[in-house]
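With mmCIF, N, CA and C atoms inside, this is protein36.cif:
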data_run
loop_
_atom_site.label_atom_id
_atom_site.label_comp_id
_atom_site.auth_asym_id
_atom_site.auth_seq_id
_atom_site.Cartn_x
_atom_site.Cartn_y
_atom_site.Cartn_z
N MET A 28 -11.11 15.72 24.45
CA MET A 28 -9.85 16.02 23.78
C MET A 28 -10.01 17.31 23.00
N LYS A 29 -9.11 18.22 23.21
CA LYS A 29 -9.17 19.50 22.52
C LYS A 29 -8.80 19.31 21.06
N SER A 30 -9.61 19.88 20.19
CA SER A 30 -9.37 19.78 18.75
C SER A 30 -8.85 21.11 18.25
N ASP A 31 -7.55 21.23 18.17
CA ASP A 31 -7.00 22.52 17.78
C ASP A 31 -5.94 22.45 16.70
N ILE A 32 -5.75 21.28 16.10
CA ILE A 32 -4.72 21.13 15.07
C ILE A 32 -5.38 21.30 13.69
N PRO A 33 -4.96 22.31 12.92
CA PRO A 33 -5.51 22.46 11.57
C PRO A 33 -4.96 21.37 10.64
N ILE A 34 -5.64 21.15 9.54
CA ILE A 34 -5.27 20.07 8.63
C ILE A 34 -3.84 20.23 8.08
N GLY A 35 -3.41 21.45 7.84
CA GLY A 35 -2.05 21.68 7.34
C GLY A 35 -1.00 21.24 8.35
N ALA A 36 -1.25 21.57 9.62
CA ALA A 36 -0.31 21.16 10.67
C ALA A 36 -0.33 19.64 10.85
N LEU A 37 -1.52 19.04 10.75
CA LEU A 37 -1.62 17.58 10.84
C LEU A 37 -0.83 16.93 9.71
N ALA A 38 -1.00 17.45 8.51
CA ALA A 38 -0.26 16.92 7.35
C ALA A 38 1.24 17.05 7.57
N GLU A 39 1.66 18.19 8.07
CA GLU A 39 3.09 18.41 8.30
C GLU A 39 3.64 17.48 9.39
N ARG A 40 2.90 17.32 10.48
CA ARG A 40 3.37 16.47 11.58
C ARG A 40 3.46 15.00 11.20
N THR A 41 2.55 14.57 10.33
CA THR A 41 2.48 13.14 9.99
C THR A 41 3.13 12.80 8.66
N GLY A 42 3.46 13.82 7.86
CA GLY A 42 4.02 13.55 6.54
C GLY A 42 2.97 13.02 5.57
N CYS A 43 1.72 13.25 5.89
CA CYS A 43 0.62 12.75 5.06
C CYS A 43 0.04 13.91 4.25
N ASN A 44 -0.27 13.66 3.03
CA ASN A 44 -0.83 14.64 2.13
C ASN A 44 -2.21 15.09 2.61
N ILE A 45 -2.53 16.37 2.47
CA ILE A 45 -3.84 16.89 2.89
C ILE A 45 -4.98 16.17 2.18
N GLN A 46 -4.83 15.93 0.87
CA GLN A 46 -5.88 15.23 0.13
C GLN A 46 -6.08 13.81 0.64
N THR A 47 -5.00 13.19 1.07
CA THR A 47 -5.10 11.83 1.62
C THR A 47 -5.84 11.85 2.94
N ILE A 48 -5.58 12.84 3.77
CA ILE A 48 -6.30 12.97 5.04
C ILE A 48 -7.79 13.13 4.76
N ARG A 49 -8.14 13.98 3.83
CA ARG A 49 -9.56 14.17 3.47
C ARG A 49 -10.16 12.87 2.94
N TYR A 50 -9.40 12.14 2.13
CA TYR A 50 -9.88 10.86 1.60
C TYR A 50 -10.14 9.88 2.73
N TYR A 51 -9.22 9.78 3.69
CA TYR A 51 -9.40 8.87 4.82
C TYR A 51 -10.64 9.25 5.63
N GLU A 52 -10.95 10.54 5.69
CA GLU A 52 -12.19 10.97 6.34
C GLU A 52 -13.40 10.50 5.55
N GLN A 53 -13.36 10.68 4.24
CA GLN A 53 -14.48 10.30 3.37
C GLN A 53 -14.82 8.82 3.47
N ILE A 54 -13.79 7.97 3.58
CA ILE A 54 -14.04 6.53 3.60
C ILE A 54 -14.16 5.98 5.02
N GLY A 55 -14.08 6.86 6.00
CA GLY A 55 -14.32 6.46 7.38
C GLY A 55 -13.14 5.91 8.14
N LEU A 56 -11.93 5.99 7.59
CA LEU A 56 -10.76 5.56 8.35
C LEU A 56 -10.42 6.58 9.44
N LEU A 57 -10.70 7.83 9.15
CA LEU A 57 -10.55 8.90 10.14
C LEU A 57 -11.93 9.47 10.41
N PRO A 58 -12.21 9.82 11.67
CA PRO A 58 -13.51 10.42 11.96
C PRO A 58 -13.59 11.83 11.37
N GLN A 59 -14.80 12.29 11.15
CA GLN A 59 -14.98 13.66 10.69
C GLN A 59 -14.48 14.60 11.79
N PRO A 60 -13.67 15.57 11.44
CA PRO A 60 -13.12 16.47 12.45
C PRO A 60 -14.14 17.52 12.87
N SER A 61 -13.85 18.14 13.99
CA SER A 61 -14.65 19.30 14.36
C SER A 61 -14.25 20.43 13.41
N ARG A 62 -15.09 21.44 13.37
CA ARG A 62 -14.80 22.57 12.48
C ARG A 62 -14.96 23.89 13.22
N THR A 63 -14.21 24.84 12.77
CA THR A 63 -14.33 26.18 13.32
C THR A 63 -15.58 26.82 12.75
N GLU A 64 -15.93 28.00 13.25
CA GLU A 64 -17.09 28.72 12.71
C GLU A 64 -16.90 29.01 11.22
N GLY A 65 -15.66 29.15 10.81
CA GLY A 65 -15.35 29.41 9.40
C GLY A 65 -15.28 28.14 8.56
N GLY A 66 -15.52 26.96 9.18
CA GLY A 66 -15.55 25.71 8.44
C GLY A 66 -14.20 25.01 8.32
N GLN A 67 -13.17 25.52 8.98
CA GLN A 67 -11.86 24.87 8.90
C GLN A 67 -11.83 23.65 9.81
N ARG A 68 -11.22 22.59 9.30
CA ARG A 68 -11.09 21.36 10.07
C ARG A 68 -10.13 21.56 11.24
N ARG A 69 -10.47 20.93 12.36
CA ARG A 69 -9.60 20.93 13.53
C ARG A 69 -9.53 19.51 14.08
N TYR A 70 -8.32 19.08 14.42
CA TYR A 70 -8.07 17.71 14.84
C TYR A 70 -7.49 17.68 16.24
N GLY A 71 -7.77 16.59 16.94
CA GLY A 71 -7.17 16.34 18.24
C GLY A 71 -5.87 15.58 18.06
N THR A 72 -5.08 15.53 19.11
CA THR A 72 -3.79 14.85 19.03
C THR A 72 -3.94 13.35 18.83
N ASP A 73 -5.09 12.78 19.20
CA ASP A 73 -5.31 11.35 19.00
C ASP A 73 -5.29 10.97 17.52
N ILE A 74 -5.65 11.91 16.67
CA ILE A 74 -5.68 11.64 15.22
C ILE A 74 -4.26 11.45 14.69
N ILE A 75 -3.29 12.08 15.31
CA ILE A 75 -1.89 11.91 14.89
C ILE A 75 -1.51 10.43 15.00
N HIS A 76 -1.87 9.80 16.11
CA HIS A 76 -1.54 8.38 16.31
C HIS A 76 -2.33 7.49 15.36
N ARG A 77 -3.59 7.81 15.16
CA ARG A 77 -4.42 7.02 14.25
C ARG A 77 -3.90 7.12 12.82
N LEU A 78 -3.54 8.32 12.41
CA LEU A 78 -3.01 8.52 11.06
C LEU A 78 -1.66 7.83 10.90
N ALA A 79 -0.83 7.83 11.94
CA ALA A 79 0.45 7.13 11.89
C ALA A 79 0.22 5.63 11.70
N PHE A 80 -0.77 5.08 12.39
CA PHE A 80 -1.11 3.66 12.24
C PHE A 80 -1.51 3.37 10.79
N ILE A 81 -2.38 4.20 10.24
CA ILE A 81 -2.85 4.01 8.86
C ILE A 81 -1.68 4.11 7.88
N ARG A 82 -0.86 5.12 8.05
CA ARG A 82 0.28 5.31 7.13
C ARG A 82 1.24 4.13 7.19
N HIS A 83 1.55 3.66 8.39
CA HIS A 83 2.49 2.54 8.50
C HIS A 83 1.89 1.28 7.87
N ALA A 84 0.61 1.04 8.12
CA ALA A 84 -0.05 -0.12 7.51
C ALA A 84 -0.05 0.00 5.98
N ARG A 85 -0.29 1.20 5.46
CA ARG A 85 -0.25 1.40 4.00
C ARG A 85 1.17 1.19 3.46
N ASP A 86 2.17 1.68 4.21
CA ASP A 86 3.56 1.48 3.79
C ASP A 86 3.90 -0.01 3.71
N LEU A 87 3.27 -0.82 4.55
CA LEU A 87 3.50 -2.26 4.54
C LEU A 87 2.61 -2.97 3.50
N GLY A 88 1.79 -2.20 2.80
CA GLY A 88 1.00 -2.74 1.71
C GLY A 88 -0.37 -3.25 2.08
N PHE A 89 -0.82 -3.05 3.31
CA PHE A 89 -2.17 -3.48 3.67
C PHE A 89 -3.20 -2.65 2.92
N ASP A 90 -4.27 -3.31 2.48
CA ASP A 90 -5.33 -2.58 1.78
C ASP A 90 -6.24 -1.89 2.80
N ILE A 91 -7.08 -1.01 2.29
CA ILE A 91 -7.95 -0.19 3.14
C ILE A 91 -8.87 -1.04 4.00
N ASP A 92 -9.47 -2.07 3.42
CA ASP A 92 -10.39 -2.91 4.21
C ASP A 92 -9.65 -3.60 5.36
N SER A 93 -8.45 -4.08 5.10
CA SER A 93 -7.67 -4.71 6.17
C SER A 93 -7.31 -3.70 7.25
N ILE A 94 -6.95 -2.50 6.85
CA ILE A 94 -6.61 -1.47 7.82
C ILE A 94 -7.83 -1.13 8.67
N ARG A 95 -8.96 -1.02 8.03
CA ARG A 95 -10.20 -0.73 8.77
C ARG A 95 -10.45 -1.82 9.82
N GLU A 96 -10.30 -3.07 9.41
CA GLU A 96 -10.52 -4.18 10.34
C GLU A 96 -9.46 -4.19 11.45
N LEU A 97 -8.22 -3.93 11.10
CA LEU A 97 -7.15 -3.89 12.09
C LEU A 97 -7.37 -2.78 13.12
N MET A 98 -7.85 -1.64 12.66
CA MET A 98 -8.12 -0.54 13.59
C MET A 98 -9.28 -0.89 14.52
N GLN A 99 -10.29 -1.57 13.99
CA GLN A 99 -11.39 -2.00 14.86
C GLN A 99 -10.88 -2.99 15.90
N LEU A 100 -10.04 -3.91 15.47
CA LEU A 100 -9.47 -4.88 16.41
C LEU A 100 -8.57 -4.20 17.44
N ALA A 101 -7.81 -3.21 17.01
CA ALA A 101 -6.94 -2.49 17.94
C ALA A 101 -7.75 -1.78 19.02
N GLY A 102 -8.99 -1.47 18.71
CA GLY A 102 -9.86 -0.82 19.68
C GLY A 102 -10.45 -1.77 20.70
N ALA A 103 -10.14 -3.05 20.59
CA ALA A 103 -10.64 -4.06 21.54
C ALA A 103 -9.44 -4.83 22.08
N PRO A 104 -8.61 -4.20 22.91
CA PRO A 104 -7.36 -4.82 23.35
C PRO A 104 -7.52 -6.09 24.17
N GLU A 105 -8.70 -6.36 24.68
CA GLU A 105 -8.91 -7.57 25.48
C GLU A 105 -9.15 -8.81 24.61
N ARG A 106 -9.39 -8.61 23.33
CA ARG A 106 -9.64 -9.75 22.44
C ARG A 106 -8.35 -10.49 22.13
N PRO A 107 -8.46 -11.79 21.81
CA PRO A 107 -7.26 -12.52 21.35
C PRO A 107 -6.83 -11.97 19.99
N CYS A 108 -5.58 -12.16 19.66
CA CYS A 108 -5.06 -11.57 18.42
C CYS A 108 -5.17 -12.50 17.21
N ALA A 109 -5.97 -13.54 17.29
CA ALA A 109 -6.10 -14.49 16.18
C ALA A 109 -6.59 -13.81 14.90
N ASP A 110 -7.53 -12.87 15.02
CA ASP A 110 -8.02 -12.18 13.83
C ASP A 110 -6.95 -11.28 13.22
N VAL A 111 -6.16 -10.65 14.07
CA VAL A 111 -5.06 -9.82 13.57
C VAL A 111 -4.05 -10.71 12.84
N ASP A 112 -3.73 -11.85 13.44
CA ASP A 112 -2.80 -12.79 12.82
C ASP A 112 -3.33 -13.28 11.47
N ARG A 113 -4.62 -13.53 11.39
CA ARG A 113 -5.24 -13.99 10.13
C ARG A 113 -5.06 -12.95 9.03
N ILE A 114 -5.28 -11.69 9.36
CA ILE A 114 -5.15 -10.61 8.38
C ILE A 114 -3.68 -10.49 7.94
N ALA A 115 -2.77 -10.51 8.91
CA ALA A 115 -1.35 -10.39 8.59
C ALA A 115 -0.86 -11.59 7.77
N GLU A 116 -1.33 -12.79 8.11
CA GLU A 116 -0.93 -14.00 7.36
C GLU A 116 -1.43 -13.94 5.92
N ALA A 117 -2.66 -13.50 5.72
CA ALA A 117 -3.19 -13.38 4.36
C ALA A 117 -2.38 -12.36 3.55
N HIS A 118 -2.01 -11.28 4.19
CA HIS A 118 -1.21 -10.26 3.51
C HIS A 118 0.18 -10.80 3.19
N LEU A 119 0.78 -11.53 4.13
CA LEU A 119 2.09 -12.14 3.90
C LEU A 119 2.04 -13.09 2.70
N GLN A 120 1.00 -13.90 2.61
CA GLN A 120 0.87 -14.82 1.48
C GLN A 120 0.76 -14.05 0.16
N ALA A 121 0.03 -12.95 0.17
CA ALA A 121 -0.10 -12.14 -1.05
C ALA A 121 1.25 -11.53 -1.43
N VAL A 122 2.00 -11.07 -0.45
CA VAL A 122 3.33 -10.50 -0.71
C VAL A 122 4.26 -11.57 -1.26
N GLU A 123 4.24 -12.75 -0.67
CA GLU A 123 5.10 -13.83 -1.16
C GLU A 123 4.74 -14.24 -2.59
N ALA A 124 3.46 -14.22 -2.92
CA ALA A 124 3.05 -14.53 -4.30
C ALA A 124 3.57 -13.46 -5.26
N LYS A 125 3.52 -12.20 -4.85
CA LYS A 125 4.05 -11.12 -5.70
C LYS A 125 5.56 -11.26 -5.88
N ILE A 126 6.25 -11.62 -4.80
CA ILE A 126 7.70 -11.81 -4.88
C ILE A 126 8.04 -12.94 -5.85
N ALA A 127 7.30 -14.03 -5.79
CA ALA A 127 7.54 -15.15 -6.70
C ALA A 127 7.31 -14.72 -8.15
N LYS A 128 6.27 -13.96 -8.37
CA LYS A 128 5.98 -13.49 -9.73
C LYS A 128 7.09 -12.54 -10.21
N LEU A 129 7.55 -11.67 -9.34
CA LEU A 129 8.64 -10.76 -9.71
C LEU A 129 9.94 -11.52 -9.96
N ALA A 130 10.20 -12.56 -9.19
CA ALA A 130 11.40 -13.36 -9.41
C ALA A 130 11.35 -14.04 -10.78
N ALA A 131 10.18 -14.55 -11.16
CA ALA A 131 10.02 -15.16 -12.48
C ALA A 131 10.20 -14.12 -13.58
N LEU A 132 9.68 -12.95 -13.35
CA LEU A 132 9.83 -11.86 -14.31
C LEU A 132 11.30 -11.48 -14.47
N ARG A 133 12.02 -11.37 -13.35
CA ARG A 133 13.44 -11.05 -13.39
C ARG A 133 14.21 -12.12 -14.17
N ALA A 134 13.92 -13.39 -13.90
CA ALA A 134 14.61 -14.48 -14.58
C ALA A 134 14.36 -14.43 -16.08
N GLU A 135 13.14 -14.16 -16.47
CA GLU A 135 12.82 -14.10 -17.90
C GLU A 135 13.52 -12.92 -18.57
N LEU A 136 13.53 -11.78 -17.92
CA LEU A 136 14.22 -10.62 -18.49
C LEU A 136 15.72 -10.88 -18.61
N ARG A 137 16.31 -11.49 -17.61
CA ARG A 137 17.73 -11.83 -17.68
C ARG A 137 18.01 -12.79 -18.83
N ARG A 138 17.15 -13.79 -18.99
CA ARG A 138 17.31 -14.76 -20.07
C ARG A 138 17.22 -14.08 -21.42
N MET A 139 16.23 -13.21 -21.59
CA MET A 139 16.06 -12.51 -22.86
C MET A 139 17.30 -11.68 -23.19
N LEU A 140 17.82 -10.98 -22.18
CA LEU A 140 19.00 -10.16 -22.41
C LEU A 140 20.23 -11.00 -22.70
N LYS A 141 20.36 -12.12 -22.01
CA LYS A 141 21.51 -12.99 -22.21
C LYS A 141 21.51 -13.58 -23.62
N GLU A 142 20.33 -13.92 -24.13
CA GLU A 142 20.22 -14.53 -25.45
C GLU A 142 20.29 -13.52 -26.59
N CYS A 143 20.27 -12.25 -26.25
CA CYS A 143 20.32 -11.22 -27.28
C CYS A 143 21.72 -11.21 -27.90
N GLY A 144 21.78 -11.19 -29.21
CA GLY A 144 23.05 -11.21 -29.91
C GLY A 144 23.72 -9.86 -29.99
N LYS A 145 23.07 -8.83 -29.49
CA LYS A 145 23.61 -7.46 -29.50
C LYS A 145 23.88 -6.96 -30.92
N GLY A 146 23.15 -7.53 -31.87
CA GLY A 146 23.30 -7.13 -33.27
C GLY A 146 22.26 -6.09 -33.65
N GLN A 147 21.52 -6.40 -34.68
CA GLN A 147 20.50 -5.48 -35.16
C GLN A 147 19.13 -5.88 -34.61
N ILE A 148 18.24 -4.94 -34.61
CA ILE A 148 16.90 -5.18 -34.08
C ILE A 148 16.20 -6.31 -34.83
N ALA A 149 16.51 -6.47 -36.08
CA ALA A 149 15.89 -7.54 -36.87
C ALA A 149 16.14 -8.92 -36.25
N GLU A 150 17.26 -9.09 -35.54
CA GLU A 150 17.57 -10.38 -34.89
C GLU A 150 17.51 -10.29 -33.36
N CYS A 151 16.87 -9.27 -32.84
CA CYS A 151 16.87 -9.02 -31.40
C CYS A 151 15.99 -10.02 -30.65
N ARG A 152 16.57 -10.74 -29.72
CA ARG A 152 15.85 -11.75 -28.93
C ARG A 152 14.82 -11.11 -28.00
N VAL A 153 15.13 -9.93 -27.51
CA VAL A 153 14.18 -9.24 -26.63
C VAL A 153 12.91 -8.91 -27.41
N ILE A 154 13.06 -8.34 -28.60
CA ILE A 154 11.89 -8.00 -29.43
C ILE A 154 11.14 -9.27 -29.81
N ASP A 155 11.86 -10.33 -30.17
CA ASP A 155 11.21 -11.60 -30.52
C ASP A 155 10.39 -12.13 -29.35
N SER A 156 10.97 -12.12 -28.17
CA SER A 156 10.27 -12.66 -27.00
C SER A 156 9.05 -11.83 -26.66
N LEU A 157 9.15 -10.52 -26.80
CA LEU A 157 8.01 -9.67 -26.51
C LEU A 157 6.91 -9.84 -27.56
N SER A 158 7.30 -10.17 -28.77
CA SER A 158 6.34 -10.34 -29.85
C SER A 158 5.61 -11.68 -29.79
N ASP A 159 6.24 -12.69 -29.21
CA ASP A 159 5.66 -14.04 -29.18
C ASP A 159 5.86 -14.65 -27.79
N HIS A 160 4.81 -14.68 -27.01
CA HIS A 160 4.89 -15.16 -25.62
C HIS A 160 5.33 -16.62 -25.56
N LYS A 161 5.13 -17.38 -26.64
CA LYS A 161 5.54 -18.79 -26.65
C LYS A 161 7.06 -18.94 -26.56
N LEU A 162 7.79 -17.89 -26.87
CA LEU A 162 9.25 -17.95 -26.80
C LEU A 162 9.77 -17.79 -25.36
N CYS A 163 8.90 -17.38 -24.46
CA CYS A 163 9.31 -17.22 -23.04
C CYS A 163 9.47 -18.59 -22.41
N LYS A 164 10.45 -18.71 -21.56
CA LYS A 164 10.69 -19.94 -20.85
C LYS A 164 9.75 -20.13 -19.66
N THR A 165 9.29 -19.02 -19.12
CA THR A 165 8.42 -19.08 -17.95
C THR A 165 7.08 -18.46 -18.30
N ARG A 166 6.01 -19.06 -17.84
CA ARG A 166 4.67 -18.52 -18.09
C ARG A 166 4.14 -17.78 -16.86
N ARG A 167 4.93 -17.78 -15.80
CA ARG A 167 4.45 -17.22 -14.54
C ARG A 167 4.65 -15.71 -14.43
N HIS A 168 5.16 -15.05 -15.43
CA HIS A 168 5.36 -13.62 -15.32
C HIS A 168 4.22 -12.83 -15.93
#
Show me this structure written as structure tokens.
Amino acid sequence: MKSDIPIGALAERTGCNIQTIRYYEQIGLLPQPSRTEGGQRRYGTDIIHRLAFIRHARDLGFDIDSIRELMQLAGAPERPCADVDRIAEAHLQAVEAKIAKLAALRAELRRMLKECGKGQIAECRVIDSLSDHKLCKTRRH
């Protein structure tokens, strides 16, 4: 594969920051690129697809270790997808837990605002609730 894409063009084509591309190289998500005699990085077109995979997985909230494992699994297309499903299921459970925590947080904030008398800060329910966690109705936030 011809390596003729400079890092700036790769960043532009993929919408990925140059520093992020370098970071992905440092941690091994992207292979070290070939370099010109002047030391400039050069990439093959295959890296565009690999970087798109990484970016999409990051956009979906997968952590670096999961992405690394998913990319290794993607390189073995004959394997069953049970390991991929396991990683995605674990991530889904983590997302659902975050959503539940955010829902509890939203409910508590709504309650605090509803109970606020809109008077002076001395009687402000929001300030009271923030000052004393025991006044919160939910402990899950």
Subject >> helix (DSSP H, G or I) call set, DSSP backbone run, region 53-91 of chain A, as a PyMOL selection string >> reply: chain A and resi 53+73-86+91
Subject >> Shortest interatomic distance to Asn44 (chain A) - which of A:Ala109, A:Ala131, A:Gly144, A:Arg82, counting only C-alpha atoms >> reply: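 Using only C-alpha atoms, the shortest distance to Asn44 (chain A) belongs to A:Arg82.
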Subject >> the PyMOL selection byres (((chain A and resi 87-101 and name CA) around 12) and name CA) applied to the shown file, residues as a count of residues only >> reply: 39
Subject >> Distance of atom C of Glu64 (chain A) from atom C of Arg40 (chain A), expressed in Å to one decimal place >> reply: 24.7 Å
Original post:
For the atom pair CA of Tyr70 (chain A) and CA of Ile32 (chain A), what is the interatomic distance in Å to one decimal place?
Top reply: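 Distance reported for this atom pair: 4.8 Å.
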Which neighbours of Lys141 (chain A) fall inside 12 Å, counting only C-alpha atoms, when residues of the same chain fewer than 6 positions from it are skipped, and could you give them as a PDB file with N, CA and C atoms, in the frame of the given file?
ATOM      1  N   ALA A 134      13.920 -13.390 -13.900  1.00  0.00           N
ATOM      2  CA  ALA A 134      14.610 -14.480 -14.580  1.00  0.00           C
ATOM      3  C   ALA A 134      14.360 -14.430 -16.080  1.00  0.00           C
ATOM      4  N   GLU A 135      13.140 -14.160 -16.470  1.00  0.00           N
ATOM      5  CA  GLU A 135      12.820 -14.100 -17.900  1.00  0.00           C
ATOM      6  C   GLU A 135      13.520 -12.920 -18.570  1.00  0.00           C
ATOM      7  N   CYS A 151      16.870  -9.270 -32.840  1.00  0.00           N
ATOM      8  CA  CYS A 151      16.870  -9.020 -31.400  1.00  0.00           C
ATOM      9  C   CYS A 151      15.990 -10.020 -30.650  1.00  0.00           C
ATOM     10  N   ARG A 152      16.570 -10.740 -29.720  1.00  0.00           N
ATOM     11  CA  ARG A 152      15.850 -11.750 -28.930  1.00  0.00           C
ATOM     12  C   ARG A 152      14.820 -11.110 -28.000  1.00  0.00           C
ATOM     13  N   VAL A 153      15.130  -9.930 -27.510  1.00  0.00           N
ATOM     14  CA  VAL A 153      14.180  -9.240 -26.630  1.00  0.00           C
ATOM     15  C   VAL A 153      12.910  -8.910 -27.410  1.00  0.00           C
TER      16      VAL A 153
END
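The closest residue to Ile45 (chain A), picked from A:Arg62, A:Arg137, A:Arg68, A:Lys145 and counting only C-alpha atoms, is A:Arg68.
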Subject >> Given only C-alpha atoms as the counted atoms, nearest of A:Lys128, A:Gly66, A:Ile34, A:Asp73 to Gln46 (chain A) >> reply: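 The shortest atom-to-atom distance to Gln46 (chain A) comes from A:Ile34.
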Subject >> Atom-to-atom span, CA of Gln67 (chain A) and atom N of Gly35 (chain A), Å >> reply: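 Distance between the two atoms: 9.2 Å.
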**OP:** Check chain A with DSSP on the backbone and list each residue it calls strand (DSSP E), as number ranges by chain.
**Re:** A: 32-33, 61-62, 68-70
**OP:** Would you please work out which residue, of A:Arg138, A:Pro33, A:Ile75, A:Asp155, is nearest to Thr63 (chain A) when using only C-alpha atoms?
**Re:**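 Residue with the minimum atom-to-atom distance to Thr63 (chain A): A:Pro33.
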